[in-house]
>>> print(open('input13.pdb').read())   # PDB, C-alpha atoms
MODEL        1
ATOM      1  CA  ARG W  98      -7.392 -20.663  -6.020
ATOM      2  CA  LEU W  99      -5.464 -19.803  -9.172
ATOM      3  CA  ALA W 100      -6.234 -23.118 -10.852
ATOM      4  CA  GLU W 101      -9.937 -22.642 -10.206
ATOM      5  CA  ASP W 102      -9.799 -19.019 -11.407
ATOM      6  CA  GLU W 103      -8.027 -20.101 -14.589
ATOM      7  CA  THR W 104     -10.659 -22.704 -15.327
ATOM      8  CA  CYS W 105     -13.508 -20.285 -14.694
ATOM      9  CA  SER W 106     -11.835 -17.595 -16.764
ATOM     10  CA  ARG W 107     -11.235 -19.894 -19.696
ATOM     11  CA  THR W 108     -14.735 -21.319 -19.510
ATOM     12  CA  ALA W 109     -16.316 -17.880 -19.467
ATOM     13  CA  SER W 110     -14.080 -16.586 -22.233
ATOM     14  CA  ASP W 111     -14.678 -19.651 -24.396
ATOM     15  CA  ALA W 112     -18.423 -19.308 -23.911
ATOM     16  CA  ALA W 113     -18.283 -15.634 -24.875
ATOM     17  CA  ARG W 114     -16.203 -16.424 -27.927
ATOM     18  CA  CYS W 115     -18.636 -19.141 -29.045
ATOM     19  CA  ALA W 116     -21.530 -16.716 -28.580
ATOM     20  CA  LEU W 117     -19.764 -14.121 -30.719
ATOM     21  CA  GLU W 118     -19.092 -16.723 -33.413
ATOM     22  CA  ALA W 119     -22.777 -17.627 -33.424
ATOM     23  CA  LEU W 120     -23.726 -13.947 -33.729
ATOM     24  CA  LYS W 121     -21.273 -13.488 -36.570
ATOM     25  CA  GLN W 122     -22.636 -16.466 -38.495
ATOM     26  CA  GLU W 123     -26.197 -15.313 -37.882
ATOM     27  CA  GLY W 124     -25.299 -11.796 -38.986
ATOM     28  CA  GLU W 125     -23.626 -13.040 -42.156
ATOM     29  CA  GLU W 126     -26.723 -15.049 -43.056
ATOM     30  CA  GLU W 127     -29.057 -12.114 -42.439
ATOM     31  CA  GLY W 128     -26.835  -9.440 -43.926
ATOM     32  CA  GLU W 129     -26.220  -7.674 -40.579
ATOM     33  CA  PRO W 130     -22.939  -5.950 -39.629
ATOM     34  CA  VAL W 131     -20.259  -8.367 -38.448
ATOM     35  CA  LEU W 132     -17.912  -7.684 -35.504
ATOM     36  CA  PRO W 133     -14.238  -7.274 -36.450
ATOM     37  CA  ALA W 134     -12.401 -10.590 -36.296
ATOM     38  CA  GLU W 135      -9.765  -9.257 -33.871
ATOM     39  CA  HIS W 136     -12.472  -8.324 -31.361
ATOM     40  CA  ASP W 137     -13.205 -11.961 -30.554
ATOM     41  CA  ASP W 138      -9.898 -12.918 -28.958
ATOM     42  CA  GLU W 139      -8.691  -9.552 -27.628
ATOM     43  CA  PRO W 140      -9.987  -9.900 -24.021
ATOM     44  CA  LEU W 141      -8.718 -13.482 -23.805
ATOM     45  CA  GLU W 142      -5.307 -12.556 -25.171
ATOM     46  CA  TYR W 143      -4.887  -9.733 -22.670
ATOM     47  CA  GLU W 144      -6.001 -11.858 -19.705
ATOM     48  CA  GLU W 145      -3.643 -14.626 -20.746
ATOM     49  CA  ARG W 146      -0.680 -12.267 -20.990
ATOM     50  CA  ILE W 147      -1.382 -10.926 -17.509
ATOM     51  CA  ARG W 148      -1.873 -14.445 -16.123
ATOM     52  CA  ARG W 149       1.424 -15.668 -17.580
ATOM     53  CA  ALA W 150       3.337 -12.651 -16.259
ATOM     54  CA  LYS W 151       1.951 -13.244 -12.751
ATOM     55  CA  LYS W 152       2.717 -16.951 -12.957
ATOM     56  CA  ARG W 153       6.351 -16.240 -13.809
ATOM     57  CA  LEU W 154       6.695 -13.609 -11.076
ATOM     58  CA  ARG W 155       5.249 -15.743  -8.274
ATOM     59  CA  PRO W 156       4.837 -19.351  -9.417
ATOM     60  CA  GLY W 157       3.946 -20.556  -5.913
ATOM     61  CA  ALA W 158       1.214 -17.994  -5.237
ATOM     62  CA  SER W 159      -2.272 -19.408  -4.795
ATOM     63  CA  SER W 160      -3.814 -15.949  -5.168
ATOM     64  CA  TRP W 161      -2.795 -12.315  -5.550
ATOM     65  CA  ASN W 162      -6.081 -10.806  -4.437
ATOM     66  CA  VAL W 163      -6.614  -8.435  -1.480
ATOM     67  CA  SER W 164      -9.529 -10.528  -0.265
ATOM     68  CA  SER W 165      -7.437 -13.693  -0.060
ATOM     69  CA  VAL W 166      -7.641 -15.589   3.205
ATOM     70  CA  ILE W 167      -4.326 -16.597   4.706
ATOM     71  CA  LYS W 168      -3.486 -18.672   7.763
ATOM     72  CA  ASP W 169      -0.868 -18.107  10.389
ATOM     73  CA  SER W 170       1.207 -20.901  11.893
ATOM     74  CA  GLY W 171      -1.422 -21.512  14.572
ATOM     75  CA  GLY W 172      -4.131 -22.190  12.038
ATOM     76  CA  THR W 173      -6.067 -18.993  12.755
ATOM     77  CA  CYS W 174      -7.563 -17.374   9.675
ATOM     78  CA  CYS W 175      -6.622 -13.815   8.858
ATOM     79  CA  CYS W 176      -8.054 -11.704   6.033
ATOM     80  CA  MET W 177      -6.189  -8.929   4.262
ATOM     81  CA  ARG W 178      -8.400  -5.889   4.742
ATOM     82  CA  GLU W 179      -8.917  -3.281   2.057
ATOM     83  CA  LEU W 180      -5.724  -1.294   2.457
ATOM     84  CA  THR W 181      -6.079   2.416   3.199
ATOM     85  CA  TYR W 182      -2.540   3.224   4.340
ATOM     86  CA  MET W 183      -2.152   6.018   1.789
ATOM     87  CA  ASP W 184      -4.719   8.014   3.745
ATOM     88  CA  ALA W 185      -3.514   7.090   7.232
ATOM     89  CA  GLN W 186      -3.431  10.087   9.564
ATOM     90  CA  ASP W 187      -1.241   8.531  12.252
ATOM     91  CA  VAL W 188       1.980   8.559  10.190
ATOM     92  CA  ARG W 189       4.082  11.601  11.066
ATOM     93  CA  ASP W 190       5.685  13.567   8.241
ATOM     94  CA  SER W 191       8.856  15.041   9.722
ATOM     95  CA  LEU W 192      10.861  15.676   6.542
ATOM     96  CA  LYS W 193      12.240  19.137   5.915
ATOM     97  CA  ARG W 194      11.158  21.034   2.785
ATOM     98  CA  VAL W 195      13.703  22.785   0.575
ATOM     99  CA  ASP W 196      12.692  25.380  -2.033
ATOM    100  CA  TYR W 197      14.768  24.547  -5.092
ATOM    101  CA  ASN W 198      14.496  28.058  -6.476
ATOM    102  CA  GLN W 199      15.651  29.686  -3.234
ATOM    103  CA  VAL W 200      18.405  27.412  -1.843
ATOM    104  CA  THR W 201      21.730  27.448  -3.730
ATOM    105  CA  SER W 202      24.108  24.499  -3.955
ATOM    106  CA  ASP W 203      26.509  26.146  -1.499
ATOM    107  CA  GLU W 204      23.704  26.761   0.992
ATOM    108  CA  TRP W 205      22.626  23.149   0.575
ATOM    109  CA  ASP W 206      26.143  21.987   1.444
ATOM    110  CA  ARG W 207      26.596  24.334   4.416
ATOM    111  CA  ALA W 208      23.249  23.326   5.912
ATOM    112  CA  GLY W 209      24.117  19.641   5.624
ATOM    113  CA  PHE W 210      20.893  18.921   3.767
ATOM    114  CA  GLY W 211      22.567  16.079   1.867
ATOM    115  CA  CYS W 212      23.090  14.080   5.056
ATOM    116  CA  THR W 213      19.398  13.545   5.806
ATOM    117  CA  PRO W 214      16.288  12.883   3.684
ATOM    118  CA  GLN W 215      14.674  16.028   2.282
ATOM    119  CA  VAL W 216      11.694  16.979   0.145
ATOM    120  CA  ILE W 217      12.909  19.371  -2.557
ATOM    121  CA  GLN W 218      10.073  21.420  -4.010
ATOM    122  CA  GLY W 219      10.037  23.116  -7.422
ATOM    123  CA  VAL W 220      12.536  20.846  -9.184
ATOM    124  CA  THR W 221      10.291  19.919 -12.136
ATOM    125  CA  SER W 222       9.103  23.419 -13.097
ATOM    126  CA  ASP W 223      11.061  23.399 -16.386
ATOM    127  CA  TRP W 224      10.984  19.645 -17.122
ATOM    128  CA  ALA W 225       9.320  18.312 -20.259
ATOM    129  CA  ALA W 226       8.369  15.278 -18.125
ATOM    130  CA  LYS W 227       6.151  17.531 -16.037
ATOM    131  CA  GLU W 228       3.632  17.436 -18.900
ATOM    132  CA  TRP W 229       3.452  13.634 -19.012
ATOM    133  CA  THR W 230      -0.011  12.123 -19.114
ATOM    134  CA  GLU W 231      -1.150   8.552 -19.465
ATOM    135  CA  LYS W 232      -2.323   9.236 -23.018
ATOM    136  CA  MET W 233       1.005  10.766 -24.013
ATOM    137  CA  LEU W 234       2.980   7.854 -22.565
ATOM    138  CA  LEU W 235       0.796   5.339 -24.415
ATOM    139  CA  ASN W 236       1.121   7.233 -27.691
ATOM    140  CA  LYS W 237       4.891   7.261 -27.361
ATOM    141  CA  TRP W 238       5.656   3.877 -25.805
ATOM    142  CA  GLY W 239       2.386   1.902 -25.748
ATOM    143  CA  ASP W 240       3.672  -1.019 -27.832
ATOM    144  CA  GLU W 241       7.065  -1.198 -26.110
ATOM    145  CA  ARG W 242       7.684  -3.959 -23.574
ATOM    146  CA  PHE W 243       8.738  -2.922 -20.070
ATOM    147  CA  ARG W 244      10.080  -4.830 -17.091
ATOM    148  CA  VAL W 245       7.523  -5.589 -14.347
ATOM    149  CA  GLY W 246       9.758  -7.950 -12.347
ATOM    150  CA  SER W 247      11.942 -11.025 -12.729
ATOM    151  CA  ASP W 248      11.270 -14.753 -12.546
ATOM    152  CA  GLU W 249      12.992 -17.497 -10.537
ATOM    153  CA  ASN W 250      15.815 -17.598 -13.107
ATOM    154  CA  ASP W 251      16.363 -13.842 -12.706
ATOM    155  CA  GLU W 252      15.078 -13.243 -16.234
ATOM    156  CA  ASP W 253      12.996 -10.147 -16.906
ATOM    157  CA  VAL W 254       9.218 -10.441 -17.006
ATOM    158  CA  ARG W 255       7.841  -7.870 -19.437
ATOM    159  CA  LEU W 256       4.507  -6.431 -20.536
ATOM    160  CA  THR W 257       3.685  -3.833 -23.147
ATOM    161  CA  LEU W 258       2.842  -0.450 -21.679
ATOM    162  CA  ASN W 259      -0.637  -0.807 -23.202
ATOM    163  CA  ASP W 260      -1.249  -3.993 -21.216
ATOM    164  CA  PHE W 261       0.283  -2.582 -18.035
ATOM    165  CA  VAL W 262      -1.795   0.618 -18.068
ATOM    166  CA  ARG W 263      -4.929  -1.419 -18.746
ATOM    167  CA  TYR W 264      -4.008  -3.537 -15.713
ATOM    168  CA  LEU W 265      -3.584  -0.358 -13.589
ATOM    169  CA  ASN W 266      -6.905   1.082 -14.722
ATOM    170  CA  ASP W 267      -8.607  -2.150 -13.683
ATOM    171  CA  ASP W 268      -7.399  -1.474 -10.087
ATOM    172  CA  CYS W 269      -4.620  -3.991 -10.724
ATOM    173  CA  ASN W 270      -7.234  -6.784 -10.718
ATOM    174  CA  GLY W 271      -7.586  -6.199  -6.960
ATOM    175  CA  ASP W 272      -4.078  -7.599  -6.372
ATOM    176  CA  ALA W 273      -2.680  -7.124  -2.860
ATOM    177  CA  ASN W 274       0.874  -6.630  -4.167
ATOM    178  CA  PRO W 275       0.439  -5.573  -7.794
ATOM    179  CA  MET W 276       2.931  -5.729 -10.597
ATOM    180  CA  TYR W 277       5.231  -2.707 -10.663
ATOM    181  CA  LEU W 278       6.993  -1.297 -13.727
ATOM    182  CA  PHE W 279      10.674  -0.735 -12.921
ATOM    183  CA  GLU W 280      12.675  -0.006 -16.074
ATOM    184  CA  HIS W 281      16.301   1.018 -16.516
ATOM    185  CA  THR W 282      16.552   4.054 -18.806
ATOM    186  CA  GLY W 283      20.119   3.536 -19.995
ATOM    187  CA  GLU W 284      19.095   1.436 -23.001
ATOM    188  CA  GLY W 285      16.060   0.256 -24.930
ATOM    189  CA  PRO W 286      12.885   2.290 -25.511
ATOM    190  CA  LEU W 287      13.600   4.757 -22.687
ATOM    191  CA  GLU W 288      17.133   5.686 -23.724
ATOM    192  CA  SER W 289      15.963   9.097 -24.978
ATOM    193  CA  ILE W 290      14.055   9.849 -21.771
ATOM    194  CA  VAL W 291      17.080  11.717 -20.372
ATOM    195  CA  ASP W 292      15.980  14.619 -22.576
ATOM    196  CA  GLU W 293      12.725  14.867 -20.602
ATOM    197  CA  TYR W 294      14.336  15.983 -17.320
ATOM    198  CA  SER W 295      17.476  17.573 -15.882
ATOM    199  CA  ILE W 296      19.596  16.508 -12.926
ATOM    200  CA  PRO W 297      19.007  18.843  -9.946
ATOM    201  CA  LYS W 298      21.928  21.163  -9.197
ATOM    202  CA  TYR W 299      22.509  19.530  -5.807
ATOM    203  CA  PHE W 300      23.372  16.231  -7.550
ATOM    204  CA  SER W 301      25.261  17.439 -10.630
ATOM    205  CA  SER W 302      28.116  15.426 -12.128
ATOM    206  CA  THR W 303      30.703  17.474 -10.192
ATOM    207  CA  ARG W 304      29.158  16.095  -6.981
ATOM    208  CA  ASP W 305      28.624  12.529  -8.221
ATOM    209  CA  LEU W 306      31.480  10.129  -7.388
ATOM    210  CA  PHE W 307      30.166   7.587  -9.895
ATOM    211  CA  SER W 308      30.752  10.121 -12.688
ATOM    212  CA  VAL W 309      34.483   9.224 -12.692
ATOM    213  CA  LEU W 310      33.604   5.724 -13.937
ATOM    214  CA  ASN W 311      33.284   4.771 -17.573
ATOM    215  CA  PRO W 312      29.531   5.199 -18.178
ATOM    216  CA  ILE W 313      29.296   2.119 -20.430
ATOM    217  CA  GLU W 314      31.774  -0.387 -19.014
ATOM    218  CA  GLU W 315      32.025   0.478 -15.321
ATOM    219  CA  ARG W 316      29.100   2.528 -14.060
ATOM    220  CA  PRO W 317      26.217   0.426 -12.695
ATOM    221  CA  PRO W 318      22.600   1.153 -13.774
ATOM    222  CA  HIS W 319      21.475   4.306 -11.982
ATOM    223  CA  ARG W 320      18.529   5.808 -13.858
ATOM    224  CA  TRP W 321      15.093   4.258 -13.600
ATOM    225  CA  VAL W 322      11.458   4.897 -14.425
ATOM    226  CA  LEU W 323       8.882   3.508 -11.975
ATOM    227  CA  TYR W 324       5.164   3.236 -12.678
ATOM    228  CA  GLY W 325       2.581   1.566 -10.459
ATOM    229  CA  GLY W 326      -0.955   1.603  -9.144
ATOM    230  CA  LYS W 327      -2.521   1.392  -5.702
ATOM    231  CA  ARG W 328      -0.778  -0.982  -3.255
ATOM    232  CA  SER W 329       2.281  -1.364  -5.491
ATOM    233  CA  GLY W 330       5.828  -0.295  -4.734
ATOM    234  CA  SER W 331       9.169  -1.512  -3.423
ATOM    235  CA  ALA W 332       9.549  -3.736  -0.389
ATOM    236  CA  ILE W 333      11.528  -2.381   2.559
ATOM    237  CA  HIS W 334      15.208  -2.296   1.596
ATOM    238  CA  LYS W 335      18.434  -0.314   1.537
ATOM    239  CA  ASP W 336      20.290   0.636  -1.611
ATOM    240  CA  PRO W 337      22.482  -2.344  -2.638
ATOM    241  CA  LEU W 338      25.365  -0.007  -3.552
ATOM    242  CA  CYS W 339      24.910   2.064  -0.365
ATOM    243  CA  THR W 340      24.504   5.236  -2.403
ATOM    244  CA  SER W 341      22.301   8.273  -1.981
ATOM    245  CA  ALA W 342      19.469   8.689  -4.468
ATOM    246  CA  TRP W 343      16.971  11.279  -5.621
ATOM    247  CA  ASN W 344      13.455  10.404  -6.739
ATOM    248  CA  THR W 345      10.839  12.629  -8.368
ATOM    249  CA  SER W 346       7.100  11.945  -8.561
ATOM    250  CA  ILE W 347       5.661  13.171 -11.865
ATOM    251  CA  PHE W 348       2.027  12.342 -11.098
ATOM    252  CA  GLY W 349       0.103  10.405  -8.472
ATOM    253  CA  ARG W 350       1.185   9.839  -4.863
ATOM    254  CA  LYS W 351       3.964   7.746  -3.352
ATOM    255  CA  ARG W 352       4.285   7.120   0.369
ATOM    256  CA  TRP W 353       7.738   6.714   1.857
ATOM    257  CA  MET W 354       8.900   5.295   5.181
ATOM    258  CA  LEU W 355      12.501   6.282   5.939
ATOM    259  CA  PHE W 356      14.626   4.958   8.790
ATOM    260  CA  PRO W 357      17.944   6.169  10.270
ATOM    261  CA  PRO W 358      21.085   4.040   9.755
ATOM    262  CA  GLY W 359      20.914   2.696  13.307
ATOM    263  CA  ALA W 360      17.419   1.199  12.944
ATOM    264  CA  ARG W 361      17.334  -2.451  14.021
ATOM    265  CA  LYS W 362      16.016  -5.077  11.655
ATOM    266  CA  VAL W 363      13.775  -6.552  14.349
ATOM    267  CA  HIS W 364      11.919  -3.237  14.538
ATOM    268  CA  LEU W 365      11.477  -3.058  10.763
ATOM    269  CA  MET W 366      10.393  -6.678  10.283
ATOM    270  CA  PRO W 367       9.011  -7.975  13.616
ATOM    271  CA  ALA W 368       9.138 -11.748  13.804
ATOM    272  CA  SER W 369       5.963 -11.809  15.911
ATOM    273  CA  VAL W 370       3.799 -10.992  12.889
ATOM    274  CA  GLY W 371       5.874 -12.794  10.302
ATOM    275  CA  ALA W 372       3.301 -15.544   9.962
ATOM    276  CA  LEU W 373       0.717 -12.990   8.838
ATOM    277  CA  TRP W 374       2.983 -11.744   6.074
ATOM    278  CA  PRO W 375       3.549 -14.678   3.728
ATOM    279  CA  ALA W 376       6.061 -14.256   0.920
ATOM    280  CA  ARG W 377       3.326 -14.506  -1.662
ATOM    281  CA  ILE W 378       1.804 -11.212  -0.440
ATOM    282  CA  SER W 379       5.035  -9.500   0.581
ATOM    283  CA  GLY W 380       5.488  -5.910  -0.474
ATOM    284  CA  PRO W 381       4.586  -2.398   0.634
ATOM    285  CA  SER W 382       0.875  -3.078   1.159
ATOM    286  CA  ALA W 383       1.570  -5.983   3.520
ATOM    287  CA  TRP W 384       4.241  -3.980   5.368
ATOM    288  CA  PHE W 385       1.939  -1.021   6.028
ATOM    289  CA  GLU W 386      -0.925  -3.356   6.929
ATOM    290  CA  HIS W 387       0.902  -5.714   9.305
ATOM    291  CA  MET W 388       4.398  -4.430  10.104
ATOM    292  CA  LEU W 389       3.902  -0.736  10.768
ATOM    293  CA  PRO W 390       1.150  -1.188  13.412
TER     294      PRO W 390
ENDMDL
END
>>> encode(input="input13.pdb", output="structure tokens")
Amino acid sequence: RLAEDETCSRTASDAARCALEALKQEGEEEGEPVLPAEHDDEPLEYEERIRRAKKRLRPGASSWNVSSVIKDSGGTCCCMRELTYMDAQDVRDSLKRVDYNQVTSDEWDRAGFGCTPQVIQGVTSDWAAKEWTEKMLLNKWGDERFRVGSDENDEDVRLTLNDFVRYLNDDCNGDANPMYLFEHTGEGPLESIVDEYSIPKYFSSTRDLFSVLNPIEERPPHRWVLYGGKRSGSAIHKDPLCTSAWNTSIFGRKRWMLFPPGARKVHLMPASVGALWPARISGPSAWFEHMLP
């Protein structure tokens, strides 16, 4: 449980810190090189920041880990298996592909492409964002704090990009529903990110009904940057403003499940397996693991 993990973590970290102090004192006495002072507390500080962010995001969670054992209402134990849904072969990809460099805006309209989900290929060929790498992002925004969720009071929970990328590279600590960076680009550190990409011709301002609104006082947030690791993502939902949206993957893979407007909620979230999908592990990984089958 979390309380036990905290105690073990603190005990181990404290022991390591004491050992380093002893080595430092011994080294000073014998004239040996001494470790930098900031090295002592760095692992503990990072772990504490991650722990506090998780605690604010899900204060009632006993564990975030994939290997956690959960119980259904009948008392039967059920283990979350190692999730492999990204490689599942039984999910049918039926989306049409559109070549951005071949299909004009008029052809897009006449074909009715905007009425159904599409995969548009070739959009990023001239984007500066196409050259993004983890190293470049860290050099540019590593010390900036980004939103990874909100707490019970609807206040943002934030981590520096340095901490978040370290969390990703550690396989998200094995979390079943990892933290997910979801930052609005209209203000703050990402305000200049609009220079890194261009709006596809199919969605230009002349075709955007929201463009008639005052961009500062009336238009709702509409530009976002998302960054996550394995098992992370958005829970099943529909756009709260009932708008259409375009999303572009710069690197990595993102699996989508799209449903027609007439899909019934009971088919998307079957009550029969609800007990195996507790709120503390809700999210895309749990949906693909328990709901889709």
>>> atom_distance(input="input13.pdb", atom1="atom CA of W:Arg146", atom2="atom CA of W:Gly330")
21.2 Å
>>> resolve_selection(input="input13.pdb", expression="the PyMOL selection byres ((chain W and resi 253) around 12)", output="list in words")
Ala150, Arg153, Leu154, Arg242, Phe243, Arg244, Val245, Gly246, Ser247, Asp248, Glu249, Asn250, Asp251, Glu252, Val254, Arg255, Leu256, Leu278, Phe279, Glu280 and His281 of chain W
>>> closest_residue(input="input13.pdb", among="W:Cys269, W:Leu389, W:Ala158, W:Ile290", to="W:His364", atoms="only C-alpha atoms")
W:Leu389
>>> resolve_selection(input="input13.pdb", expression="the PyMOL selection byres ((chain W and resi 262) around 12)", output="PDB file with C-alpha atoms, keeping the file's coordinate frame")
ATOM      1  CA  TYR W 143      -4.887  -9.733 -22.670  1.00  0.00           C
ATOM      2  CA  ILE W 147      -1.382 -10.926 -17.509  1.00  0.00           C
ATOM      3  CA  THR W 230      -0.011  12.123 -19.114  1.00  0.00           C
ATOM      4  CA  GLU W 231      -1.150   8.552 -19.465  1.00  0.00           C
ATOM      5  CA  LYS W 232      -2.323   9.236 -23.018  1.00  0.00           C
ATOM      6  CA  LEU W 234       2.980   7.854 -22.565  1.00  0.00           C
ATOM      7  CA  LEU W 235       0.796   5.339 -24.415  1.00  0.00           C
ATOM      8  CA  TRP W 238       5.656   3.877 -25.805  1.00  0.00           C
ATOM      9  CA  GLY W 239       2.386   1.902 -25.748  1.00  0.00           C
ATOM     10  CA  ASP W 240       3.672  -1.019 -27.832  1.00  0.00           C
ATOM     11  CA  ARG W 242       7.684  -3.959 -23.574  1.00  0.00           C
ATOM     12  CA  PHE W 243       8.738  -2.922 -20.070  1.00  0.00           C
ATOM     13  CA  VAL W 245       7.523  -5.589 -14.347  1.00  0.00           C
ATOM     14  CA  LEU W 256       4.507  -6.431 -20.536  1.00  0.00           C
ATOM     15  CA  THR W 257       3.685  -3.833 -23.147  1.00  0.00           C
ATOM     16  CA  LEU W 258       2.842  -0.450 -21.679  1.00  0.00           C
ATOM     17  CA  ASN W 259      -0.637  -0.807 -23.202  1.00  0.00           C
ATOM     18  CA  ASP W 260      -1.249  -3.993 -21.216  1.00  0.00           C
ATOM     19  CA  PHE W 261       0.283  -2.582 -18.035  1.00  0.00           C
ATOM     20  CA  ARG W 263      -4.929  -1.419 -18.746  1.00  0.00           C
ATOM     21  CA  TYR W 264      -4.008  -3.537 -15.713  1.00  0.00           C
ATOM     22  CA  LEU W 265      -3.584  -0.358 -13.589  1.00  0.00           C
ATOM     23  CA  ASN W 266      -6.905   1.082 -14.722  1.00  0.00           C
ATOM     24  CA  ASP W 267      -8.607  -2.150 -13.683  1.00  0.00           C
ATOM     25  CA  ASP W 268      -7.399  -1.474 -10.087  1.00  0.00           C
ATOM     26  CA  CYS W 269      -4.620  -3.991 -10.724  1.00  0.00           C
ATOM     27  CA  ASN W 270      -7.234  -6.784 -10.718  1.00  0.00           C
ATOM     28  CA  MET W 276       2.931  -5.729 -10.597  1.00  0.00           C
ATOM     29  CA  TYR W 277       5.231  -2.707 -10.663  1.00  0.00           C
ATOM     30  CA  LEU W 278       6.993  -1.297 -13.727  1.00  0.00           C
ATOM     31  CA  TYR W 324       5.164   3.236 -12.678  1.00  0.00           C
ATOM     32  CA  GLY W 325       2.581   1.566 -10.459  1.00  0.00           C
ATOM     33  CA  GLY W 326      -0.955   1.603  -9.144  1.00  0.00           C
TER      34      GLY W 326
END
>>> resolve_selection(input="input13.pdb", expression="the PyMOL selection byres ((chain W and resi 356) around 12)", output="MDAnalysis selection string")
chainID W and resid 191:192 213:214 333:335 353:355 357:362 364:365
>>> residues_around(input="input13.pdb", residues="stretch 283-288 of chain W", least_positions_apart="5", cutoff="8 Å", atoms="only C-alpha atoms", output="short mmCIF file (atom, residue, chain, number, x, y, z; two decimals) with C-alpha atoms, in the coordinates of the input")
data_model
loop_
_atom_site.label_atom_id
_atom_site.label_comp_id
_atom_site.auth_asym_id
_atom_site.auth_seq_id
_atom_site.Cartn_x
_atom_site.Cartn_y
_atom_site.Cartn_z
CA TRP W 238 5.66 3.88 -25.80
CA GLU W 241 7.06 -1.20 -26.11
CA PRO W 318 22.60 1.15 -13.77
CA ARG W 320 18.53 5.81 -13.86
#
>>> residues_around(input="input13.pdb", residues="stretch 293-307 of chain W", least_positions_apart="5", cutoff="8 Å", atoms="only C-alpha atoms", output="ChimeraX atom specification")
/W:202,205,220-221,224-226,316
>>> atom_distance(input="input13.pdb", atom1="atom CA of W:Val322", atom2="atom CA of W:Asp203")
29.1 Å
>>> atom_distance(input="input13.pdb", atom1="atom CA of W:His319", atom2="atom CA of W:Ala342")
8.9 Å
>>> closest_residue(input="input13.pdb", among="W:Asp292, W:Cys339, W:Ser346, W:Thr282", to="W:Trp321", atoms="all atoms listed in the file")
W:Thr282
>>> axis_aligned_box(input="input13.pdb", around="stretch 312-329 of chain W", padding_each_side="4 Å", output="AutoDock Vina command-line options")
--center_x 14.8 --center_y 2.2 --center_z -11.8 --size_x 42.5 --size_y 15.2 --size_z 25.2
>>> build_atoms(input="input13.pdb", residues="stretch 339-343 of chain W", atoms="all heavy atoms", output="PDB file, in the coordinates of the input")
ATOM      1  N   CYS W 339      24.737   1.134  -1.492  1.00  0.00           N
ATOM      2  CA  CYS W 339      24.910   2.064  -0.365  1.00  0.00           C
ATOM      3  C   CYS W 339      25.102   3.504  -0.843  1.00  0.00           C
ATOM      4  O   CYS W 339      25.914   4.259  -0.282  1.00  0.00           O
ATOM      5  CB  CYS W 339      26.080   1.636   0.516  1.00  0.00           C
ATOM      6  SG  CYS W 339      25.846   0.006   1.257  1.00  0.00           S
ATOM      7  N   THR W 340      24.401   3.881  -1.881  1.00  0.00           N
ATOM      8  CA  THR W 340      24.504   5.236  -2.403  1.00  0.00           C
ATOM      9  C   THR W 340      23.330   6.074  -1.935  1.00  0.00           C
ATOM     10  O   THR W 340      22.353   5.576  -1.392  1.00  0.00           O
ATOM     11  CB  THR W 340      24.495   5.231  -3.945  1.00  0.00           C
ATOM     12  OG1 THR W 340      23.237   4.709  -4.399  1.00  0.00           O
ATOM     13  CG2 THR W 340      25.613   4.374  -4.493  1.00  0.00           C
ATOM     14  N   SER W 341      23.435   7.379  -2.170  1.00  0.00           N
ATOM     15  CA  SER W 341      22.301   8.273  -1.981  1.00  0.00           C
ATOM     16  C   SER W 341      21.542   8.340  -3.301  1.00  0.00           C
ATOM     17  O   SER W 341      22.111   8.118  -4.374  1.00  0.00           O
ATOM     18  CB  SER W 341      22.770   9.676  -1.581  1.00  0.00           C
ATOM     19  OG  SER W 341      23.451   9.629  -0.343  1.00  0.00           O
ATOM     20  N   ALA W 342      20.259   8.648  -3.248  1.00  0.00           N
ATOM     21  CA  ALA W 342      19.469   8.689  -4.468  1.00  0.00           C
ATOM     22  C   ALA W 342      18.464   9.824  -4.406  1.00  0.00           C
ATOM     23  O   ALA W 342      18.076  10.263  -3.328  1.00  0.00           O
ATOM     24  CB  ALA W 342      18.732   7.357  -4.664  1.00  0.00           C
ATOM     25  N   TRP W 343      18.059  10.313  -5.573  1.00  0.00           N
ATOM     26  CA  TRP W 343      16.971  11.279  -5.621  1.00  0.00           C
ATOM     27  C   TRP W 343      15.857  10.700  -6.490  1.00  0.00           C
ATOM     28  O   TRP W 343      16.099  10.033  -7.485  1.00  0.00           O
ATOM     29  CB  TRP W 343      17.439  12.635  -6.129  1.00  0.00           C
ATOM     30  CG  TRP W 343      18.049  12.673  -7.511  1.00  0.00           C
ATOM     31  CD1 TRP W 343      19.351  12.453  -7.832  1.00  0.00           C
ATOM     32  CD2 TRP W 343      17.374  12.984  -8.732  1.00  0.00           C
ATOM     33  NE1 TRP W 343      19.537  12.591  -9.184  1.00  0.00           N
ATOM     34  CE2 TRP W 343      18.344  12.921  -9.761  1.00  0.00           C
ATOM     35  CE3 TRP W 343      16.071  13.310  -9.066  1.00  0.00           C
ATOM     36  CZ2 TRP W 343      18.038  13.164 -11.101  1.00  0.00           C
ATOM     37  CZ3 TRP W 343      15.751  13.559 -10.399  1.00  0.00           C
ATOM     38  CH2 TRP W 343      16.730  13.485 -11.394  1.00  0.00           C
TER      39      TRP W 343
END
